[in-house]
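Participant: This is the content of input21.csv (CSV, N, CA and C atoms):
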chain,number,residue,atom,x,y,z
A,404,MET,N,3.7,-9.2,13.3
A,404,MET,CA,3.7,-7.9,14.0
A,404,MET,C,3.5,-8.2,15.5
A,405,GLU,N,2.6,-9.1,15.9
A,405,GLU,CA,2.4,-9.4,17.3
A,405,GLU,C,3.6,-9.9,18.0
A,406,GLU,N,4.4,-10.8,17.2
A,406,GLU,CA,5.6,-11.3,17.8
A,406,GLU,C,6.6,-10.2,18.1
A,407,ASN,N,6.5,-9.1,17.4
A,407,ASN,CA,7.4,-7.9,17.7
A,407,ASN,C,6.8,-6.9,18.6
A,408,GLY,N,5.7,-7.3,19.3
A,408,GLY,CA,5.1,-6.4,20.4
A,408,GLY,C,4.0,-5.5,19.9
A,409,TRP,N,3.5,-5.6,18.7
A,409,TRP,CA,2.5,-4.7,18.2
A,409,TRP,C,1.2,-5.5,18.1
A,410,PRO,N,0.2,-5.3,19.0
A,410,PRO,CA,-1.1,-5.9,18.9
A,410,PRO,C,-1.8,-5.5,17.6
A,411,VAL,N,-2.5,-6.4,17.0
A,411,VAL,CA,-3.2,-6.0,15.7
A,411,VAL,C,-4.6,-6.6,15.8
A,412,GLU,N,-5.5,-6.0,15.0
A,412,GLU,CA,-6.8,-6.5,14.8
A,412,GLU,C,-7.2,-6.5,13.3
A,413,VAL,N,-8.0,-7.5,12.9
A,413,VAL,CA,-8.4,-7.5,11.5
A,413,VAL,C,-9.2,-6.3,11.2
A,414,ALA,N,-8.9,-5.7,10.0
A,414,ALA,CA,-9.6,-4.4,9.6
A,414,ALA,C,-10.2,-4.6,8.2
A,415,GLY,N,-10.6,-5.8,7.9
A,415,GLY,CA,-11.1,-6.0,6.6
A,415,GLY,C,-10.7,-7.4,6.1
A,416,LYS,N,-11.1,-7.8,4.9
A,416,LYS,CA,-10.8,-9.1,4.5
A,416,LYS,C,-9.3,-9.4,4.3
A,417,GLU,N,-8.5,-8.4,3.9
A,417,GLU,CA,-7.1,-8.6,3.7
A,417,GLU,C,-6.2,-7.6,4.3
A,418,SER,N,-6.6,-7.0,5.5
A,418,SER,CA,-5.8,-6.0,6.1
A,418,SER,C,-5.9,-6.1,7.6
A,419,PHE,N,-5.1,-5.4,8.3
A,419,PHE,CA,-5.1,-5.3,9.7
A,419,PHE,C,-4.7,-3.9,10.2
A,420,THR,N,-5.0,-3.7,11.5
A,420,THR,CA,-4.7,-2.4,12.0
A,420,THR,C,-3.9,-2.6,13.3
A,421,VAL,N,-2.9,-1.8,13.6
A,421,VAL,CA,-2.1,-1.9,14.8
A,421,VAL,C,-3.0,-1.2,15.9
A,422,ILE,N,-3.2,-1.9,17.0
A,422,ILE,CA,-4.0,-1.3,18.1
A,422,ILE,C,-3.2,-0.4,18.9
A,423,GLY,N,-3.7,0.8,19.1
A,423,GLY,CA,-3.0,1.7,20.1
A,423,GLY,C,-1.8,2.4,19.5
A,424,GLU,N,-1.6,2.4,18.3
A,424,GLU,CA,-0.4,3.0,17.7
A,424,GLU,C,-0.5,4.5,17.8
A,425,THR,N,0.6,5.2,18.3
A,425,THR,CA,0.6,6.6,18.4
A,425,THR,C,1.3,7.2,17.3
A,426,GLU,N,1.2,8.5,17.1
A,426,GLU,CA,1.9,9.2,16.0
A,426,GLU,C,3.4,9.0,16.1
A,427,GLU,N,3.9,9.1,17.3
A,427,GLU,CA,5.3,8.9,17.5
A,427,GLU,C,5.8,7.5,17.2
A,428,GLN,N,4.9,6.5,17.4
A,428,GLN,CA,5.3,5.1,17.1
A,428,GLN,C,5.2,4.7,15.7
A,429,ARG,N,4.5,5.5,14.9
A,429,ARG,CA,4.3,5.2,13.5
A,429,ARG,C,5.5,4.8,12.7
A,430,PRO,N,6.6,5.5,12.8
A,430,PRO,CA,7.8,5.1,12.0
A,430,PRO,C,8.4,3.7,12.5
A,431,ILE,N,8.3,3.5,13.8
A,431,ILE,CA,8.8,2.2,14.3
A,431,ILE,C,7.9,1.1,13.8
A,432,VAL,N,6.6,1.3,13.8
A,432,VAL,CA,5.6,0.3,13.4
A,432,VAL,C,5.8,0.0,11.9
A,433,ALA,N,6.1,1.1,11.1
A,433,ALA,CA,6.3,0.9,9.7
A,433,ALA,C,7.6,0.1,9.4
A,434,GLU,N,8.6,0.3,10.2
A,434,GLU,CA,9.8,-0.5,10.0
A,434,GLU,C,9.6,-1.9,10.4
A,435,VAL,N,8.9,-2.2,11.4
A,435,VAL,CA,8.6,-3.6,11.8
A,435,VAL,C,7.7,-4.2,10.7
A,436,TYR,N,6.8,-3.5,10.2
A,436,TYR,CA,5.9,-4.0,9.1
A,436,TYR,C,6.8,-4.4,7.9
A,437,ARG,N,7.7,-3.5,7.5
A,437,ARG,CA,8.6,-3.8,6.4
A,437,ARG,C,9.4,-5.0,6.6
A,438,THR,N,10.0,-5.1,7.8
A,438,THR,CA,10.8,-6.3,8.2
A,438,THR,C,9.9,-7.6,8.1
A,439,CYS,N,8.7,-7.5,8.7
A,439,CYS,CA,7.8,-8.7,8.6
A,439,CYS,C,7.4,-9.0,7.2
A,440,SER,N,7.2,-8.0,6.4
A,440,SER,CA,6.8,-8.2,5.0
A,440,SER,C,7.9,-8.9,4.2
A,441,GLU,N,9.2,-8.5,4.5
A,441,GLU,CA,10.3,-9.1,3.8
A,441,GLU,C,10.5,-10.6,4.3
A,442,SER,N,10.3,-10.8,5.6
A,442,SER,CA,10.6,-12.1,6.1
A,442,SER,C,9.5,-13.1,5.7
A,443,THR,N,8.3,-12.7,5.4
A,443,THR,CA,7.2,-13.5,5.0
A,443,THR,C,7.1,-13.7,3.5
A,444,GLY,N,7.8,-12.8,2.7
A,444,GLY,CA,7.7,-12.8,1.3
A,444,GLY,C,6.6,-11.9,0.8
A,445,TRP,N,5.9,-11.2,1.7
A,445,TRP,CA,4.8,-10.3,1.2
A,445,TRP,C,5.4,-9.1,0.5
A,446,SER,N,6.7,-8.8,0.6
A,446,SER,CA,7.2,-7.6,0.0
A,446,SER,C,7.3,-7.8,-1.5
A,447,GLY,N,7.1,-8.9,-2.0
A,447,GLY,CA,7.0,-9.1,-3.5
A,447,GLY,C,8.1,-9.9,-4.0
A,448,PRO,N,8.0,-10.3,-5.2
A,448,PRO,CA,9.0,-11.2,-5.9
A,448,PRO,C,10.3,-10.4,-6.2
A,449,GLU,N,11.3,-11.1,-6.4
A,449,GLU,CA,12.6,-10.5,-6.7
A,449,GLU,C,12.7,-10.2,-8.2
A,450,GLU,N,12.1,-11.0,-9.0
A,450,GLU,CA,12.1,-10.8,-10.5
A,450,GLU,C,10.7,-10.9,-11.0
A,451,VAL,N,10.4,-10.0,-11.9
A,451,VAL,CA,9.0,-10.0,-12.5
A,451,VAL,C,9.2,-9.6,-14.0
A,452,ASP,N,8.3,-10.2,-14.8
A,452,ASP,CA,8.3,-10.0,-16.2
A,452,ASP,C,7.9,-8.5,-16.5
A,453,PRO,N,8.8,-7.8,-17.2
A,453,PRO,CA,8.5,-6.4,-17.4
A,453,PRO,C,7.2,-6.1,-18.1
A,454,ARG,N,6.7,-7.1,-18.9
A,454,ARG,CA,5.4,-6.9,-19.6
A,454,ARG,C,4.3,-6.9,-18.6
A,455,ALA,N,4.4,-7.7,-17.5
A,455,ALA,CA,3.4,-7.8,-16.5
A,455,ALA,C,3.5,-6.5,-15.7
A,456,LEU,N,4.7,-5.9,-15.5
A,456,LEU,CA,4.8,-4.7,-14.7
A,456,LEU,C,4.3,-3.5,-15.5
A,457,SER,N,4.4,-3.6,-16.8
A,457,SER,CA,3.8,-2.5,-17.7
A,457,SER,C,2.3,-2.5,-17.5
A,458,LYS,N,1.7,-3.7,-17.5
A,458,LYS,CA,0.3,-3.8,-17.3
A,458,LYS,C,-0.1,-3.3,-15.9
A,459,LEU,N,0.6,-3.8,-14.9
A,459,LEU,CA,0.4,-3.3,-13.5
A,459,LEU,C,0.4,-1.8,-13.4
A,460,TYR,N,1.4,-1.2,-14.1
A,460,TYR,CA,1.6,0.3,-14.1
A,460,TYR,C,0.3,0.9,-14.6
A,461,SER,N,-0.3,0.5,-15.6
A,461,SER,CA,-1.5,1.1,-16.2
A,461,SER,C,-2.6,0.9,-15.2
A,462,TYR,N,-2.7,-0.2,-14.5
A,462,TYR,CA,-3.7,-0.5,-13.5
A,462,TYR,C,-3.5,0.5,-12.3
A,463,GLU,N,-2.3,0.7,-11.9
A,463,GLU,CA,-1.9,1.6,-10.8
A,463,GLU,C,-2.4,3.0,-11.1
A,464,LEU,N,-2.1,3.4,-12.4
A,464,LEU,CA,-2.5,4.8,-12.8
A,464,LEU,C,-4.1,4.9,-12.7
A,465,ALA,N,-4.8,3.9,-13.1
A,465,ALA,CA,-6.3,4.0,-13.0
A,465,ALA,C,-6.7,4.0,-11.5
A,466,THR,N,-6.0,3.3,-10.7
A,466,THR,CA,-6.4,3.2,-9.3
A,466,THR,C,-6.0,4.6,-8.7
A,467,ARG,N,-5.0,5.2,-9.1
A,467,ARG,CA,-4.6,6.5,-8.6
A,467,ARG,C,-5.7,7.5,-8.9
A,468,ASP,N,-6.2,7.5,-10.1
A,468,ASP,CA,-7.3,8.4,-10.5
A,468,ASP,C,-8.6,8.1,-9.6
A,469,CYS,N,-8.8,6.8,-9.4
A,469,CYS,CA,-10.0,6.4,-8.5
A,469,CYS,C,-9.8,7.0,-7.1
A,470,LEU,N,-8.6,6.8,-6.5
A,470,LEU,CA,-8.4,7.3,-5.2
A,470,LEU,C,-8.5,8.9,-5.1
A,471,SER,N,-8.0,9.5,-6.2
A,471,SER,CA,-8.1,11.0,-6.2
A,471,SER,C,-9.6,11.4,-6.3
A,472,SER,N,-10.4,10.6,-7.0
A,472,SER,CA,-11.8,11.0,-7.0
A,472,SER,C,-12.5,10.8,-5.7
A,473,LEU,N,-11.9,10.1,-4.8
A,473,LEU,CA,-12.4,10.0,-3.4
A,473,LEU,C,-11.9,11.1,-2.5
A,474,GLY,N,-11.1,12.0,-3.1
A,474,GLY,CA,-10.5,13.1,-2.3
A,474,GLY,C,-9.3,12.7,-1.5
A,475,LEU,N,-8.7,11.6,-1.8
A,475,LEU,CA,-7.5,11.1,-1.1
A,475,LEU,C,-6.2,11.8,-1.7
A,476,PRO,N,-5.2,12.1,-0.9
A,476,PRO,CA,-4.0,12.6,-1.5
A,476,PRO,C,-3.3,11.5,-2.2
A,477,VAL,N,-2.9,11.9,-3.4
A,477,VAL,CA,-2.2,10.9,-4.3
A,477,VAL,C,-0.8,11.5,-4.7
A,478,ASP,N,0.1,10.6,-4.8
A,478,ASP,CA,1.5,11.0,-5.3
A,478,ASP,C,1.5,11.1,-6.8
A,479,THR,N,2.4,11.9,-7.3
A,479,THR,CA,2.7,11.9,-8.8
A,479,THR,C,3.4,10.6,-9.1
A,480,PRO,N,2.9,9.9,-10.0
A,480,PRO,CA,3.5,8.6,-10.3
A,480,PRO,C,4.9,8.8,-11.0
A,481,PRO,N,5.8,7.8,-10.8
A,481,PRO,CA,7.0,7.9,-11.6
A,481,PRO,C,6.7,7.5,-13.0
A,482,SER,N,7.7,7.6,-13.9
A,482,SER,CA,7.6,7.2,-15.2
A,482,SER,C,7.4,5.7,-15.2
A,483,GLU,N,6.9,5.1,-16.3
A,483,GLU,CA,6.7,3.7,-16.4
A,483,GLU,C,8.1,3.0,-16.2
A,484,GLU,N,9.1,3.6,-16.8
A,484,GLU,CA,10.4,3.0,-16.8
A,484,GLU,C,10.9,2.9,-15.3
A,485,ALA,N,10.7,4.0,-14.6
A,485,ALA,CA,11.2,4.1,-13.2
A,485,ALA,C,10.3,3.2,-12.3
A,486,PHE,N,9.0,3.0,-12.6
A,486,PHE,CA,8.2,2.1,-11.9
A,486,PHE,C,8.7,0.7,-12.0
A,487,ILE,N,9.0,0.3,-13.2
A,487,ILE,CA,9.5,-1.1,-13.5
A,487,ILE,C,10.9,-1.3,-12.8
A,488,GLU,N,11.8,-0.3,-12.9
A,488,GLU,CA,13.1,-0.4,-12.3
A,488,GLU,C,13.0,-0.5,-10.8
A,489,ARG,N,12.1,0.2,-10.2
A,489,ARG,CA,12.1,0.2,-8.7
A,489,ARG,C,11.1,-0.9,-8.1
A,490,PHE,N,10.4,-1.6,-8.9
A,490,PHE,CA,9.4,-2.5,-8.4
A,490,PHE,C,9.9,-3.5,-7.3
A,491,THR,N,11.0,-4.0,-7.5
A,491,THR,CA,11.5,-5.0,-6.6
A,491,THR,C,12.4,-4.4,-5.5
A,492,THR,N,12.3,-3.1,-5.3
A,492,THR,CA,13.0,-2.4,-4.2
A,492,THR,C,12.1,-1.9,-3.2
A,493,THR,N,12.6,-1.4,-2.1
A,493,THR,CA,11.8,-0.8,-1.1
A,493,THR,C,11.2,0.6,-1.5
A,494,ASP,N,11.7,1.1,-2.7
A,494,ASP,CA,11.2,2.4,-3.2
A,494,ASP,C,10.1,2.2,-4.2
A,495,ARG,N,9.4,1.0,-4.1
A,495,ARG,CA,8.3,0.7,-5.1
A,495,ARG,C,7.2,1.7,-4.9
A,496,TRP,N,6.6,2.2,-6.0
A,496,TRP,CA,5.5,3.1,-6.0
A,496,TRP,C,4.2,2.3,-6.2
A,497,SER,N,3.1,2.8,-5.5
A,497,SER,CA,1.8,2.3,-5.8
A,497,SER,C,0.8,3.4,-5.7
A,498,ALA,N,-0.4,3.2,-6.2
A,498,ALA,CA,-1.4,4.3,-6.2
A,498,ALA,C,-1.7,4.7,-4.8
A,499,TYR,N,-1.6,3.7,-3.8
A,499,TYR,CA,-1.9,4.0,-2.4
A,499,TYR,C,-0.7,4.7,-1.7
A,500,SER,N,0.4,4.9,-2.3
A,500,SER,CA,1.6,5.5,-1.7
A,500,SER,C,1.3,6.8,-1.1
A,501,GLY,N,0.5,7.6,-1.7
A,501,GLY,CA,0.3,9.0,-1.3
A,501,GLY,C,-0.3,9.2,0.1
A,502,PHE,N,-1.1,8.2,0.5
A,502,PHE,CA,-1.8,8.5,1.8
A,502,PHE,C,-1.7,7.3,2.8
A,503,ILE,N,-1.1,6.2,2.4
A,503,ILE,CA,-1.1,5.0,3.2
A,503,ILE,C,-0.5,5.2,4.6
A,504,ASP,N,0.6,6.0,4.7
A,504,ASP,CA,1.3,6.2,6.0
A,504,ASP,C,0.5,7.1,6.9
A,505,ASP,N,-0.4,7.9,6.3
A,505,ASP,CA,-1.2,8.9,7.1
A,505,ASP,C,-2.6,8.5,7.2
A,506,PHE,N,-3.0,7.3,6.7
A,506,PHE,CA,-4.4,6.9,6.6
A,506,PHE,C,-5.1,7.0,8.0
A,507,GLY,N,-4.6,6.5,9.0
A,507,GLY,CA,-5.3,6.6,10.3
A,507,GLY,C,-5.6,8.0,10.7
A,508,VAL,N,-4.7,9.0,10.5
A,508,VAL,CA,-5.0,10.4,10.8
A,508,VAL,C,-6.0,10.9,9.9
A,509,LEU,N,-5.9,10.6,8.6
A,509,LEU,CA,-6.9,11.1,7.6
A,509,LEU,C,-8.3,10.6,7.9
A,510,GLU,N,-8.4,9.3,8.3
A,510,GLU,CA,-9.7,8.7,8.6
A,510,GLU,C,-10.3,9.4,9.9
A,511,ALA,N,-9.4,9.6,10.9
A,511,ALA,CA,-9.9,10.2,12.2
A,511,ALA,C,-10.3,11.6,12.0
A,512,GLN,N,-9.7,12.3,11.0
A,512,GLN,CA,-10.1,13.7,10.7
A,512,GLN,C,-11.3,13.8,9.8
A,513,GLY,N,-11.8,12.6,9.3
A,513,GLY,CA,-13.0,12.6,8.4
A,513,GLY,C,-12.6,12.9,7.0
A,514,LYS,N,-11.3,12.8,6.7
A,514,LYS,CA,-10.8,13.2,5.3
A,514,LYS,C,-10.6,11.9,4.5
A,515,ALA,N,-10.9,10.8,5.0
A,515,ALA,CA,-10.8,9.5,4.2
A,515,ALA,C,-12.0,8.6,4.6
A,516,PRO,N,-12.5,7.9,3.6
A,516,PRO,CA,-13.6,6.9,3.9
A,516,PRO,C,-12.9,5.7,4.7
A,517,PRO,N,-13.7,4.8,5.2
A,517,PRO,CA,-13.2,3.6,5.9
A,517,PRO,C,-12.4,2.8,4.9
A,518,TRP,N,-11.4,2.1,5.4
A,518,TRP,CA,-10.4,1.3,4.6
A,518,TRP,C,-11.1,0.3,3.7
A,519,ASP,N,-12.1,-0.4,4.2
A,519,ASP,CA,-12.8,-1.4,3.4
A,519,ASP,C,-13.5,-0.8,2.2
A,520,GLU,N,-14.1,0.4,2.5
A,520,GLU,CA,-14.8,1.1,1.4
A,520,GLU,C,-13.8,1.6,0.3
A,521,ILE,N,-12.6,2.1,0.7
A,521,ILE,CA,-11.6,2.5,-0.2
A,521,ILE,C,-11.2,1.3,-1.1
A,522,ASN,N,-10.9,0.2,-0.4
A,522,ASN,CA,-10.5,-1.0,-1.2
A,522,ASN,C,-11.6,-1.6,-2.1
A,523,ALA,N,-12.9,-1.4,-1.7
A,523,ALA,CA,-14.0,-1.9,-2.5
A,523,ALA,C,-14.1,-1.1,-3.8
A,524,VAL,N,-14.0,0.3,-3.6
A,524,VAL,CA,-14.2,1.2,-4.7
A,524,VAL,C,-13.0,1.2,-5.6
A,525,CYS,N,-11.8,1.2,-5.0
A,525,CYS,CA,-10.5,1.3,-5.7
A,525,CYS,C,-9.6,0.2,-5.3
A,526,PRO,N,-9.8,-1.0,-5.8
A,526,PRO,CA,-9.0,-2.2,-5.4
A,526,PRO,C,-7.5,-2.0,-5.7
A,527,GLN,N,-6.7,-2.5,-4.8
A,527,GLN,CA,-5.3,-2.5,-5.0
A,527,GLN,C,-4.9,-3.5,-6.1
A,528,PRO,N,-4.4,-3.0,-7.2
A,528,PRO,CA,-4.1,-3.9,-8.4
A,528,PRO,C,-3.1,-5.0,-8.1
A,529,ILE,N,-2.1,-4.8,-7.2
A,529,ILE,CA,-1.1,-5.8,-7.0
A,529,ILE,C,-1.7,-7.1,-6.5
A,530,ARG,N,-2.9,-7.0,-5.9
A,530,ARG,CA,-3.5,-8.2,-5.4
A,530,ARG,C,-4.2,-9.1,-6.5
A,531,TYR,N,-4.4,-8.4,-7.7
A,531,TYR,CA,-5.2,-9.1,-8.7
A,531,TYR,C,-4.4,-9.3,-10.0
A,532,VAL,N,-3.1,-9.0,-10.0
A,532,VAL,CA,-2.4,-9.1,-11.3
A,532,VAL,C,-1.4,-10.3,-11.2
A,533,ASP,N,-1.3,-11.0,-12.3
A,533,ASP,CA,-0.4,-12.1,-12.4
A,533,ASP,C,0.9,-11.6,-12.8
A,534,LEU,N,1.9,-11.6,-11.9
A,534,LEU,CA,3.2,-11.0,-12.2
A,534,LEU,C,4.1,-12.1,-12.8
A,535,GLY,N,3.6,-13.3,-12.9
A,535,GLY,CA,4.4,-14.5,-13.3
A,535,GLY,C,5.4,-14.2,-14.4
Could you quickly redo this structure as structure tokens?
Facilitator:
Amino acid sequence: MEENGWPVEVAGKESFTVIGETEEQRPIVAEVYRTCSESTGWSGPEEVDPRALSKLYSYELATRDCLSSLGLPVDTPPSEEAFIERFTTTDRWSAYSGFIDDFGVLEAQGKAPPWDEINAVCPQPIRYVDLG
């Protein structure tokens, strides 16, 4: 991100925040983030065992319920079949999908707990699942 002109700071054990990002810049930052994710391999594997994805889907649903209990906006999940089909695309769904793009605004408005707290209470399953 910094190589593309966006200063960042560590915002927890496994996350970062873009420093000084404005609302108007958010789509540009998101695109750079996607490009960086793809170039580093963070965007995910190209092929995954469907049984592992089925398990991940159930974890994502539980995480979605957890996030909802914190008062965070959550998206309606796709069907399990659609989740599996889209997993290796840029249209991948996760429990965090409903609020991640607007998190900074939600937090500033007092409508979201701090990022580290959210991740401690409702861990992101993709980080803990063996997709092998």
Participant: Within 8 Å of segment 475-487 of chain A, counting all atoms listed in the file, which residues qualify if same-chain residues fewer than 3 places away don't, as a list in words?
Facilitator: Pro453, Leu456, Ser457, Tyr460, Ser461, Leu464, Arg467, Asp468, Cys469, Leu470, Ser471, Ser472, Phe490, Thr491, Thr492, Asp494, Arg495, Trp496, Ser497, Ala498, Tyr499, Ser500, Gly501, Phe502, Ile503, Lys514, Ala515 and Pro516 of chain A
Participant: Tell me, as a list in words, which residues lie within 9 Å of Asp504 of chain A, counting only C-alpha atoms; anything in the same chain fewer than 5 positions away does not count.
Facilitator: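 Everything that qualifies: Arg429, Pro430 and Ala433 of chain A.
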Participant: How many Å separate atom CA of Val413 of chain A from atom CA of Thr466 of chain A?
Facilitator: 23.5 Å
Participant: Tell me, in Å to one decimal, how far atom CA of Leu473 of chain A is from atom CA of Glu520 of chain A.
Facilitator: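 Atom CA of Glu520 of chain A lies 10.4 Å from atom CA of Leu473 of chain A.
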Participant: Work out how far apart atom CA of Trp409 of chain A and atom CA of Ile422 of chain A are and give it in Å to one decimal.
Facilitator: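 We find that atom CA of Trp409 of chain A and atom CA of Ile422 of chain A lie 7.3 Å from each other.
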Participant: Taking the DSSP assignment computed from this structure's backbone, write out as a PyMOL selection string all residues of chain A that belong to strand (DSSP E).
Facilitator: chain A and resi 411-413+419-421
Participant: Using only N, CA and C atoms, which of A:Val411, A:Leu459, A:Ala465, A:Val508 sits nearest Ile529 of chain A?
Facilitator: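 Among A:Val411, A:Leu459, A:Ala465, A:Val508, it is A:Leu459 that comes nearest to Ile529 of chain A.
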Participant: Run DSSP on the backbone and give me the residues of chain A it puts in helix (DSSP H, G or I), as a ChimeraX atom specification.
Facilitator: /A:405-407,429-443,453-472,483-489,498-501,503-511,518-524,528-530
Participant: So which residues fall inside 12 Å of (-1.5, 3.1, 19.2) if we count only C-alpha atoms? Mind giving them as a list in words?
Facilitator: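 Final list of nearby residues, as requested, is Gly408, Trp409, Pro410, Val411, Glu412, Thr420, Val421, Ile422, Gly423, Glu424, Thr425, Glu426, Glu427, Gln428, Arg429, Pro430, Ile431, Val432, Gly507 and Val508 of chain A.
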